[in-house]
Amino acid sequence: MPIAETGTAAGPRVVVLGGTGYLGRRIGAAFAADGAHVHLVSRSPAEDRPADPRFVLMDLLAVDPHELDRFFASVRPDVVVNAVGRAWRADEAEMTASNAELVVRITESLTRSPRPPRLIQLGSVHEYGAGTPGTGTSEDHEPAPVTPYGRSKLLGTRAVLRAAADDGLDGVVLRLANVIGAGGPAGSIFGRVAVHLGQAARARSSGEQPDELRLPPLRAHRDIVDVHDVVDAVRAAAGAPGAEVSGRVVNIGRGEAVPIHALIDRMIELSGVDLPVVEAVAAPSPRTDVEWQQLDVSRASRLLGWQPRRTLDTSLRDLLTAALPPPVKGRTGR
């Protein structure tokens, strides 16, 4: 992993904030595999790896600013990845605290460092709001989020861009499409379906009738990106020349909008579980009430040399393999 003009002979120093979460733990593992010295910062250790020597216990929302400064001064990171975020099971105040106010604290602390590192902020497609059907949204599009989550993530993005413009912080925002893969959060629709399919498979194996799968209306089209492709994008952003990426937003997605109902149907097909599905007629969740999300990812290709590599079937199979008791059944990927 090339870290442009940073690091030491023994490897660069990387801090992953939110390092035990869904994205953070995978990002930390990838940097460690590249030979980096990784610190995983979180307010709670990963349940399955509580003794990870790279883990740093710290509640970033509660820590004293001076203590945060001392931490960064002691580690002297070359790269800081902010993978902290609240999307599900949180109200707007909690989202704003984690997705916006915390980012301000981080940028202020890093700009006080004698040698500020590169900050990679993980943003969200939900910052844009509704896209135009049939086209991809570029980074030059004026954001107009329509959900509390999107609004809070946009505030975080603006904090990084402001610190880059006003204080010279080497910061880049990766604006992520909807992320999917093994172990996806149960609060997401794909995680929810995977959990239900796992429960249904166990019920079938015990001779019981599984509960029907009840879902909100599935009218939306979404840009979906594999979690491993996201990790690759973060690694690419860490090594990109600062003159190219600092102070910029870079979209990370597949660059296509896929009907959600088709993906759910494919998940059920791949699972091999015969499961009744009931689609509700009520309004969709306010967090995902736009009907078209598609990212223009040409900037990522141009500046980072990054492109998505995993197929949707690969992502769905990974998600199902982690949730189902037997091996996933189904035909080969697209």
# chains A, B, ... in the order shown; residues from 1 in each chain; ligands from 1

$ select_by_dssp --residues "segment 142-251 of chain A" --states "alpha helix (DSSP H)" --output "PyMOL selection string"
chain A and resi 148-167+189-205+227-239+242-245

$ residues_around --residues "segment 176-178 of chain A" --least-positions-apart "2" --cutoff "6 Å" --atoms "only C-alpha atoms" --output "list in words"
Gly123, Ser124, Val125, Leu174, Asp223, Ile224, Val225, Ile252 and Gly253 of chain A

$ residues_around --residues "Leu213 of chain A" --least-positions-apart "4" --cutoff "7 Å" --atoms "only C-alpha atoms" --output "JSON list (two decimals) with N, CA, C and O atoms, in the first residue's frame"
[["chain", "number", "residue", "atom", "x", "y", "z"],
["A", 276, "PRO", "N", -42.62, -16.84, 1.88],
["A", 276, "PRO", "CA", -43.62, -15.87, 1.43],
["A", 276, "PRO", "C", -43.19, -14.45, 1.76],
["A", 276, "PRO", "O", -42.67, -14.18, 2.85],
["A", 277, "VAL", "N", -43.38, -13.54, 0.82],
["A", 277, "VAL", "CA", -43.00, -12.14, 0.99],
["A", 277, "VAL", "C", -44.25, -11.28, 0.87],
["A", 277, "VAL", "O", -45.03, -11.42, -0.08],
["A", 278, "VAL", "N", -44.44, -10.38, 1.82],
["A", 278, "VAL", "CA", -45.56, -9.45, 1.81],
["A", 278, "VAL", "C", -45.00, -8.04, 1.78],
["A", 278, "VAL", "O", -44.26, -7.64, 2.69]]

$ residues_around --residues "Arg76 of chain A" --least-positions-apart "6" --cutoff "9 Å" --atoms "only C-alpha atoms" --output "PyMOL selection string"
chain A and resi 13-14+113+115-117

$ select_by_dssp --residues "segment 200-247 of chain A" --states "strand (DSSP E)" --output "ChimeraX atom specification"
/A:213-215,221-222,224-226

$ closest_residue --among "A:Met95, A:Leu197, A:Leu304, A:Ile260" --to "Ala236 of chain A" --atoms "only C-alpha atoms"
A:Leu304

$ closest_residue --among "A:Val63, A:Leu23, A:Val16, A:Val41" --to "Asp78 of chain A" --atoms "only C-alpha atoms"
A:Val16

$ residues_around --residues "Thr137 of chain A" --least-positions-apart "3" --cutoff "8 Å" --atoms "only C-alpha atoms" --output "PDB file with N, CA, C and O atoms, in the first residue's frame"
ATOM      1  N   GLY A 131     -31.990  11.597  -6.674  1.00  0.00           N
ATOM      2  CA  GLY A 131     -31.273  11.687  -7.932  1.00  0.00           C
ATOM      3  C   GLY A 131     -32.248  11.793  -9.097  1.00  0.00           C
ATOM      4  O   GLY A 131     -33.460  11.640  -8.942  1.00  0.00           O
ATOM      5  N   THR A 132     -31.695  12.055 -10.274  1.00  0.00           N
ATOM      6  CA  THR A 132     -32.504  12.143 -11.488  1.00  0.00           C
ATOM      7  C   THR A 132     -32.564  10.772 -12.137  1.00  0.00           C
ATOM      8  O   THR A 132     -31.521  10.218 -12.487  1.00  0.00           O
ATOM      9  N   HIS A 141     -22.941  18.042  -7.977  1.00  0.00           N
ATOM     10  CA  HIS A 141     -24.368  18.225  -7.722  1.00  0.00           C
ATOM     11  C   HIS A 141     -24.579  18.854  -6.352  1.00  0.00           C
ATOM     12  O   HIS A 141     -23.949  18.454  -5.372  1.00  0.00           O
ATOM     13  N   GLN A 293     -31.250   6.533  -6.641  1.00  0.00           N
ATOM     14  CA  GLN A 293     -29.885   6.866  -6.217  1.00  0.00           C
ATOM     15  C   GLN A 293     -28.913   6.169  -7.155  1.00  0.00           C
ATOM     16  O   GLN A 293     -28.881   4.931  -7.223  1.00  0.00           O
ATOM     17  N   GLN A 294     -28.144   6.956  -7.852  1.00  0.00           N
ATOM     18  CA  GLN A 294     -27.105   6.426  -8.735  1.00  0.00           C
ATOM     19  C   GLN A 294     -25.946   7.406  -8.725  1.00  0.00           C
ATOM     20  O   GLN A 294     -26.147   8.602  -8.935  1.00  0.00           O
ATOM     21  N   LEU A 295     -24.765   6.918  -8.466  1.00  0.00           N
ATOM     22  CA  LEU A 295     -23.589   7.777  -8.385  1.00  0.00           C
ATOM     23  C   LEU A 295     -22.800   7.762  -9.689  1.00  0.00           C
ATOM     24  O   LEU A 295     -22.653   6.722 -10.328  1.00  0.00           O
ATOM     25  N   ASP A 296     -22.295   8.919 -10.042  1.00  0.00           N
ATOM     26  CA  ASP A 296     -21.292   9.027 -11.099  1.00  0.00           C
ATOM     27  C   ASP A 296     -19.935   8.791 -10.428  1.00  0.00           C
ATOM     28  O   ASP A 296     -19.519   9.576  -9.572  1.00  0.00           O
TER      29      ASP A 296
END

$ residues_around --residues "Asp229 of chain A" --least-positions-apart "4" --cutoff "9 Å" --atoms "only C-alpha atoms" --output "list in words"
Val225, Ala233, Val234, Ile252, Gly253, Trp306, Gln307, Pro308, Arg309 and Arg310 of chain A

$ write_last_selection --atoms "N, CA and C atoms" --output "tab-separated table (two decimals), in the first residue's frame"
chain	number	residue	atom	x	y	z
A	225	VAL	N	-22.84	-0.92	-3.38
A	225	VAL	CA	-21.41	-1.20	-3.52
A	225	VAL	C	-20.98	-2.23	-2.49
A	233	ALA	N	-11.30	1.29	-1.90
A	233	ALA	CA	-11.35	2.73	-2.17
A	233	ALA	C	-10.65	3.52	-1.06
A	234	VAL	N	-10.84	3.10	0.18
A	234	VAL	CA	-10.17	3.76	1.30
A	234	VAL	C	-8.65	3.61	1.17
A	252	ILE	N	-18.14	6.85	-4.31
A	252	ILE	CA	-17.74	5.45	-4.34
A	252	ILE	C	-19.01	4.59	-4.45
A	253	GLY	N	-19.23	4.00	-5.61
A	253	GLY	CA	-20.40	3.16	-5.83
A	253	GLY	C	-20.20	2.30	-7.06
A	306	TRP	N	-9.58	3.77	-8.97
A	306	TRP	CA	-10.48	2.80	-8.34
A	306	TRP	C	-11.70	2.54	-9.20
A	307	GLN	N	-12.11	1.29	-9.25
A	307	GLN	CA	-13.37	0.89	-9.87
A	307	GLN	C	-13.96	-0.26	-9.07
A	308	PRO	N	-15.28	-0.39	-9.02
A	308	PRO	CA	-15.87	-1.53	-8.32
A	308	PRO	C	-15.55	-2.82	-9.07
A	309	ARG	N	-15.26	-3.88	-8.32
A	309	ARG	CA	-14.86	-5.15	-8.95
A	309	ARG	C	-15.81	-6.29	-8.64
A	310	ARG	N	-16.53	-6.21	-7.52
A	310	ARG	CA	-17.38	-7.33	-7.12
A	310	ARG	C	-18.75	-7.24	-7.78

$ closest_residue --among "A:Glu108, A:Glu142, A:Asp170, A:Glu127" --to "Ala238 of chain A" --atoms "only C-alpha atoms"
A:Asp170

$ decode --residues "segment 20-47 of chain A" --atoms "C-alpha atoms" --output "PDB file, in the first residue's frame"
ATOM      1  CA  THR A  20     -14.708  -2.227  15.566  1.00  0.00           C
ATOM      2  CA  GLY A  21     -17.747  -1.410  13.418  1.00  0.00           C
ATOM      3  CA  TYR A  22     -18.916  -3.000  10.194  1.00  0.00           C
ATOM      4  CA  LEU A  23     -16.685  -0.878   7.933  1.00  0.00           C
ATOM      5  CA  GLY A  24     -14.008   0.089  10.431  1.00  0.00           C
ATOM      6  CA  ARG A  25     -12.882  -3.421  11.345  1.00  0.00           C
ATOM      7  CA  ARG A  26     -12.528  -4.394   7.675  1.00  0.00           C
ATOM      8  CA  ILE A  27     -10.623  -1.220   6.862  1.00  0.00           C
ATOM      9  CA  GLY A  28      -8.286  -1.793   9.804  1.00  0.00           C
ATOM     10  CA  ALA A  29      -7.668  -5.407   8.799  1.00  0.00           C
ATOM     11  CA  ALA A  30      -6.830  -4.394   5.239  1.00  0.00           C
ATOM     12  CA  PHE A  31      -4.313  -1.762   6.333  1.00  0.00           C
ATOM     13  CA  ALA A  32      -2.745  -4.230   8.775  1.00  0.00           C
ATOM     14  CA  ALA A  33      -2.408  -6.785   5.975  1.00  0.00           C
ATOM     15  CA  ASP A  34      -0.638  -4.086   3.961  1.00  0.00           C
ATOM     16  CA  GLY A  35       1.945  -3.741   6.743  1.00  0.00           C
ATOM     17  CA  ALA A  36       0.570  -0.643   8.467  1.00  0.00           C
ATOM     18  CA  HIS A  37       0.615  -0.051  12.218  1.00  0.00           C
ATOM     19  CA  VAL A  38      -3.113   0.121  12.933  1.00  0.00           C
ATOM     20  CA  HIS A  39      -4.987   1.536  15.917  1.00  0.00           C
ATOM     21  CA  LEU A  40      -8.697   0.695  16.118  1.00  0.00           C
ATOM     22  CA  VAL A  41     -10.467   3.347  18.175  1.00  0.00           C
ATOM     23  CA  SER A  42     -13.945   2.634  19.532  1.00  0.00           C
ATOM     24  CA  ARG A  43     -16.011   3.058  22.654  1.00  0.00           C
ATOM     25  CA  SER A  44     -16.495  -0.721  22.815  1.00  0.00           C
ATOM     26  CA  PRO A  45     -14.391  -3.675  21.596  1.00  0.00           C
ATOM     27  CA  ALA A  46     -15.603  -6.065  18.926  1.00  0.00           C
ATOM     28  CA  GLU A  47     -17.637  -8.807  20.581  1.00  0.00           C
TER      29      GLU A  47
END
